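Undergrad: Below is the structure I would like to discuss, written out as structure tokens.
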Amino acid sequence: TETLDAPDALRTKTDLGLKVSCVALDHKMPSGASLDGKDQAATRRAIDCLKRALQKSQSLGATTGYVAPCANRKHLKHFGEALRELAEDAARKGIKLCLEHVPGRSLSTAKAALAFIEQINHPNLFLLLDVGHTLLSKEKAWEIVAAAGQRLGYVQLNDNDGRNDRHWALLDGRLTYTDLQKTLEALKVAGYEGTLGLELSHDRVSLVSGLSRNRNLLIRIQEASDHKSLQEPEDRRKK
């Protein structure tokens with residue numbers, strides 16, 4: 001909420017011609033606010049804070065917001081109850097609420113996060129797939145896409161060394177070109193029409209350079225896939 005409340009955020013977005021598609025709602029949560037459920041007052045402060053973040057996200061034109069899972073699995077019941085309330089509020093604001101899978105937290109794999117989402121079974125609760133996180137949890141992103149289906153709400157793309165969440169540019173770490181091809185093809189088959197978010201750090205290379213290079217890479221892969229799809233019916237006719 002601290003970032004969302006930056007002075008003239010809406011005017012700055014408009015002046016730069018930017019579109020806000022997705023917001024990390026729990027980024028820089030205030031002290032004494034937590035969705036872990038250990039303290040009722042702390043949970044209520046967290047929910048109220050996230051509802052304000054949803055309101056601000058709506059004013060910025062965001063269509064998706066997400067939160068990370070609680071730290072400890074023993075608090076998942078209370079965390080799930082909070083998610084239900086937030087999903088309802090997000091729905092009223094026209095925002096998809098997503099749950100991110102985060103290695104080292106209670107829902108450390110995409111598979112576990114998806115199972116939790118299906119258990120809660122709220123129509124406005126979706127999975128945020130982080131491809132970099134699947135590298136850490138040794139999962140195949142394209143298989144998660146297929147399993148999630150209509151429960152897939154947003155996709156973040158980044159790379160790493162397989163040990164730490166580095167947010168490197170695509171193909172700078174363990175992510176391969178084939179991995180990326182398979183993931184984008186799975187998204188196409190699943191009918192995913194949302195944004196592909198590039199979540200990159202500027203620690204290694206220029207952020208602008210990394211974003212530009214990776215944007216062009218994704219476009220090339222998508223165009224090659226579209227060309228292949230057009231060629232296949234022609235090939236079948238020839239046979």
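Residues in the structure tokens are numbered from 1 in each chain, the chains being A, B, ... in the order shown, and ligands are numbered from 1 in the order shown.
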Where does DSSP see strand (DSSP E) in region 47-239 of chain A, if you list the residues as a compact mmCIF listing (two decimals) with N, CA and C atoms, in the first residue's frame?
TA:
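To be explicit, this is the file written out as result_35.txt:
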# COMPACT_ATOMS: atom_id res chain seq x y z
N THR A 64 -6.00 -7.38 -11.72
CA THR A 64 -5.57 -8.53 -10.93
C THR A 64 -4.75 -8.05 -9.74
N GLY A 65 -4.92 -8.72 -8.61
CA GLY A 65 -4.09 -8.47 -7.43
C GLY A 65 -3.73 -9.80 -6.81
N TYR A 66 -2.62 -9.85 -6.10
CA TYR A 66 -2.23 -11.14 -5.52
C TYR A 66 -1.58 -10.98 -4.15
N VAL A 67 -1.61 -12.08 -3.41
CA VAL A 67 -0.96 -12.14 -2.10
C VAL A 67 -0.12 -13.41 -2.04
N LYS A 96 -9.49 -9.72 -10.10
CA LYS A 96 -9.21 -11.12 -9.80
C LYS A 96 -8.23 -11.19 -8.64
N LEU A 97 -8.54 -11.98 -7.63
CA LEU A 97 -7.60 -12.19 -6.54
C LEU A 97 -6.83 -13.47 -6.79
N CYS A 98 -5.50 -13.35 -6.77
CA CYS A 98 -4.64 -14.51 -7.01
C CYS A 98 -3.81 -14.85 -5.79
N LEU A 99 -3.47 -16.11 -5.69
CA LEU A 99 -2.56 -16.60 -4.66
C LEU A 99 -1.27 -17.05 -5.34
N GLU A 100 -0.15 -16.53 -4.87
CA GLU A 100 1.15 -16.89 -5.42
C GLU A 100 1.74 -18.06 -4.63
N LEU A 125 -11.05 -16.64 -6.80
CA LEU A 125 -9.71 -16.92 -6.29
C LEU A 125 -8.96 -17.77 -7.32
N PHE A 126 -7.78 -17.29 -7.71
CA PHE A 126 -7.03 -17.89 -8.80
C PHE A 126 -5.57 -18.10 -8.42
N LEU A 127 -4.87 -18.83 -9.27
CA LEU A 127 -3.43 -19.07 -9.07
C LEU A 127 -2.62 -18.04 -9.84
N LEU A 128 -1.64 -17.45 -9.17
CA LEU A 128 -0.61 -16.69 -9.87
C LEU A 128 0.57 -17.63 -10.07
N LEU A 129 0.87 -17.93 -11.32
CA LEU A 129 1.97 -18.82 -11.65
C LEU A 129 3.25 -18.01 -11.82
N ASP A 130 4.24 -18.29 -11.00
CA ASP A 130 5.55 -17.65 -11.12
C ASP A 130 6.53 -18.69 -11.68
N LEU A 152 -6.19 -20.37 -13.53
CA LEU A 152 -4.97 -19.60 -13.74
C LEU A 152 -5.34 -18.13 -13.93
N GLY A 153 -4.88 -17.28 -13.01
CA GLY A 153 -5.27 -15.88 -13.06
C GLY A 153 -4.21 -14.95 -13.59
N TYR A 154 -2.93 -15.30 -13.44
CA TYR A 154 -1.86 -14.41 -13.88
C TYR A 154 -0.57 -15.21 -14.01
N VAL A 155 0.34 -14.72 -14.85
CA VAL A 155 1.61 -15.41 -15.08
C VAL A 155 2.76 -14.42 -14.96
N GLN A 156 3.73 -14.75 -14.11
CA GLN A 156 4.95 -13.95 -13.98
C GLN A 156 6.12 -14.76 -14.53
N LEU A 157 6.93 -14.12 -15.35
CA LEU A 157 8.07 -14.78 -15.97
C LEU A 157 9.38 -14.19 -15.47
N LEU A 196 1.26 -11.40 -19.60
CA LEU A 196 2.49 -12.10 -19.22
C LEU A 196 3.38 -11.06 -18.57
N GLY A 197 3.56 -11.17 -17.27
CA GLY A 197 4.35 -10.19 -16.54
C GLY A 197 5.81 -10.57 -16.47
N LEU A 198 6.70 -9.65 -16.83
CA LEU A 198 8.14 -9.88 -16.69
C LEU A 198 8.58 -9.29 -15.36
Undergrad: List the spatial neighbours of region 48-61 of chain A as a list in words - criterion: any atom at most 7 Å away, only C-alpha atoms, same-chain residues fewer than 5 positions off excluded.
TA: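 The neighbour list is Thr1, Leu4, Leu10, Val20, Val23, Leu25, Asp26, Leu86, Ala90 and Lys93 of chain A.
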Undergrad: Could you produce a table of the residues of region 111-201 of chain A lying within 9 Å of region 210-231 of chain A, with the nearest pair of atoms per residue and their separation in Å rounded to one decimal, using only C-alpha atoms, ordered by chain and increasing residue number, as JSON lines?
TA:
{"residue": "A:Trp168", "atom": "CA", "partner": "A:Gly210", "partner_atom": "CA", "distance": 8.5}
{"residue": "A:Ala169", "atom": "CA", "partner": "A:Gly210", "partner_atom": "CA", "distance": 5.7}
{"residue": "A:Leu170", "atom": "CA", "partner": "A:Asn214", "partner_atom": "CA", "distance": 6.3}
{"residue": "A:Leu171", "atom": "CA", "partner": "A:Asn214", "partner_atom": "CA", "distance": 8.9}
{"residue": "A:Leu180", "atom": "CA", "partner": "A:Ile221", "partner_atom": "CA", "distance": 8.4}
{"residue": "A:Gln181", "atom": "CA", "partner": "A:Ile221", "partner_atom": "CA", "distance": 6.6}
{"residue": "A:Leu184", "atom": "CA", "partner": "A:Gln222", "partner_atom": "CA", "distance": 7.3}
{"residue": "A:Glu185", "atom": "CA", "partner": "A:Ser225", "partner_atom": "CA", "distance": 7.4}
{"residue": "A:Leu198", "atom": "CA", "partner": "A:Leu211", "partner_atom": "CA", "distance": 7.0}
{"residue": "A:Glu199", "atom": "CA", "partner": "A:Leu211", "partner_atom": "CA", "distance": 8.9}
{"residue": "A:Leu200", "atom": "CA", "partner": "A:Leu211", "partner_atom": "CA", "distance": 7.5}
{"residue": "A:Ser201", "atom": "CA", "partner": "A:Gly210", "partner_atom": "CA", "distance": 8.8}
Undergrad: One decimal, Å: what's the distance from CA of Ser137 (chain A) over to CA of Thr109 (chain A), could you say?
TA: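 Going from CA of Ser137 (chain A) over to CA of Thr109 (chain A) covers 5.9 Å.
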Undergrad: To one decimal place, how far is CA of Lys77 (chain A) from CA of Gly37 (chain A) in Å?
TA: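 Atom-to-atom, CA of Lys77 (chain A) and CA of Gly37 (chain A) are spaced 8.3 Å apart.
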Undergrad: Give the alpha helix (DSSP H) residues of region 163-215 of chain A, as DSSP finds them on the backbone, and put them as a count of residues only.
TA: 23
Undergrad: List the neighbours of His101 (chain A) out to 7 Å using only C-alpha atoms; skip same-chain residues closer than 4 positions along the sequence, and give me the result as a PDB file with N, CA, C and O atoms, in the first residue's frame.
TA:
ATOM      1  N   ALA A  68       0.860 -13.396  -1.150  1.00  0.00           N
ATOM      2  CA  ALA A  68       1.697 -14.570  -0.898  1.00  0.00           C
ATOM      3  C   ALA A  68       1.053 -15.400   0.210  1.00  0.00           C
ATOM      4  O   ALA A  68       0.269 -14.886   1.014  1.00  0.00           O
ATOM      5  N   PRO A  69       1.364 -16.682   0.291  1.00  0.00           N
ATOM      6  CA  PRO A  69       0.804 -17.523   1.360  1.00  0.00           C
ATOM      7  C   PRO A  69       1.409 -17.193   2.717  1.00  0.00           C
ATOM      8  O   PRO A  69       2.471 -16.568   2.799  1.00  0.00           O
ATOM      9  N   LEU A 107       2.802 -22.669   1.273  1.00  0.00           N
ATOM     10  CA  LEU A 107       2.428 -23.234  -0.026  1.00  0.00           C
ATOM     11  C   LEU A 107       3.616 -23.012  -0.954  1.00  0.00           C
ATOM     12  O   LEU A 107       3.663 -22.068  -1.728  1.00  0.00           O
ATOM     13  N   SER A 108       4.590 -23.904  -0.843  1.00  0.00           N
ATOM     14  CA  SER A 108       5.878 -23.684  -1.488  1.00  0.00           C
ATOM     15  C   SER A 108       5.914 -24.127  -2.946  1.00  0.00           C
ATOM     16  O   SER A 108       6.852 -23.791  -3.667  1.00  0.00           O
ATOM     17  N   THR A 109       4.910 -24.874  -3.375  1.00  0.00           N
ATOM     18  CA  THR A 109       4.859 -25.317  -4.764  1.00  0.00           C
ATOM     19  C   THR A 109       3.575 -24.821  -5.423  1.00  0.00           C
ATOM     20  O   THR A 109       2.574 -24.544  -4.747  1.00  0.00           O
ATOM     21  N   ALA A 110       3.618 -24.722  -6.737  1.00  0.00           N
ATOM     22  CA  ALA A 110       2.421 -24.325  -7.481  1.00  0.00           C
ATOM     23  C   ALA A 110       1.326 -25.374  -7.311  1.00  0.00           C
ATOM     24  O   ALA A 110       0.140 -25.040  -7.221  1.00  0.00           O
ATOM     25  N   ALA A 113      -0.360 -24.807  -3.956  1.00  0.00           N
ATOM     26  CA  ALA A 113      -1.184 -23.592  -3.980  1.00  0.00           C
ATOM     27  C   ALA A 113      -2.466 -23.833  -4.759  1.00  0.00           C
ATOM     28  O   ALA A 113      -3.553 -23.395  -4.351  1.00  0.00           O
TER      29      ALA A 113
END
Undergrad: Report, in Å to a single decimal, how far apart CA of Arg105 (chain A) and CA of Arg44 (chain A) are.
TA: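 Interatomic distance here is 21.0 Å.
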Undergrad: Please list as a compact mmCIF listing (two decimals) with C-alpha atoms, in the first residue's frame every residue within 8 Å of Lys38 (chain A), counting only C-alpha atoms and excluding residues in the same chain fewer than 4 positions away.
TA:
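Ended up saving to selection-v7.txt:
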# COMPACT_ATOMS: atom_id res chain seq x y z
CA ALA A 42 -3.34 -8.48 13.40
CA THR A 43 -5.44 -10.43 10.90
CA HIS A 75 -2.13 -21.26 9.98
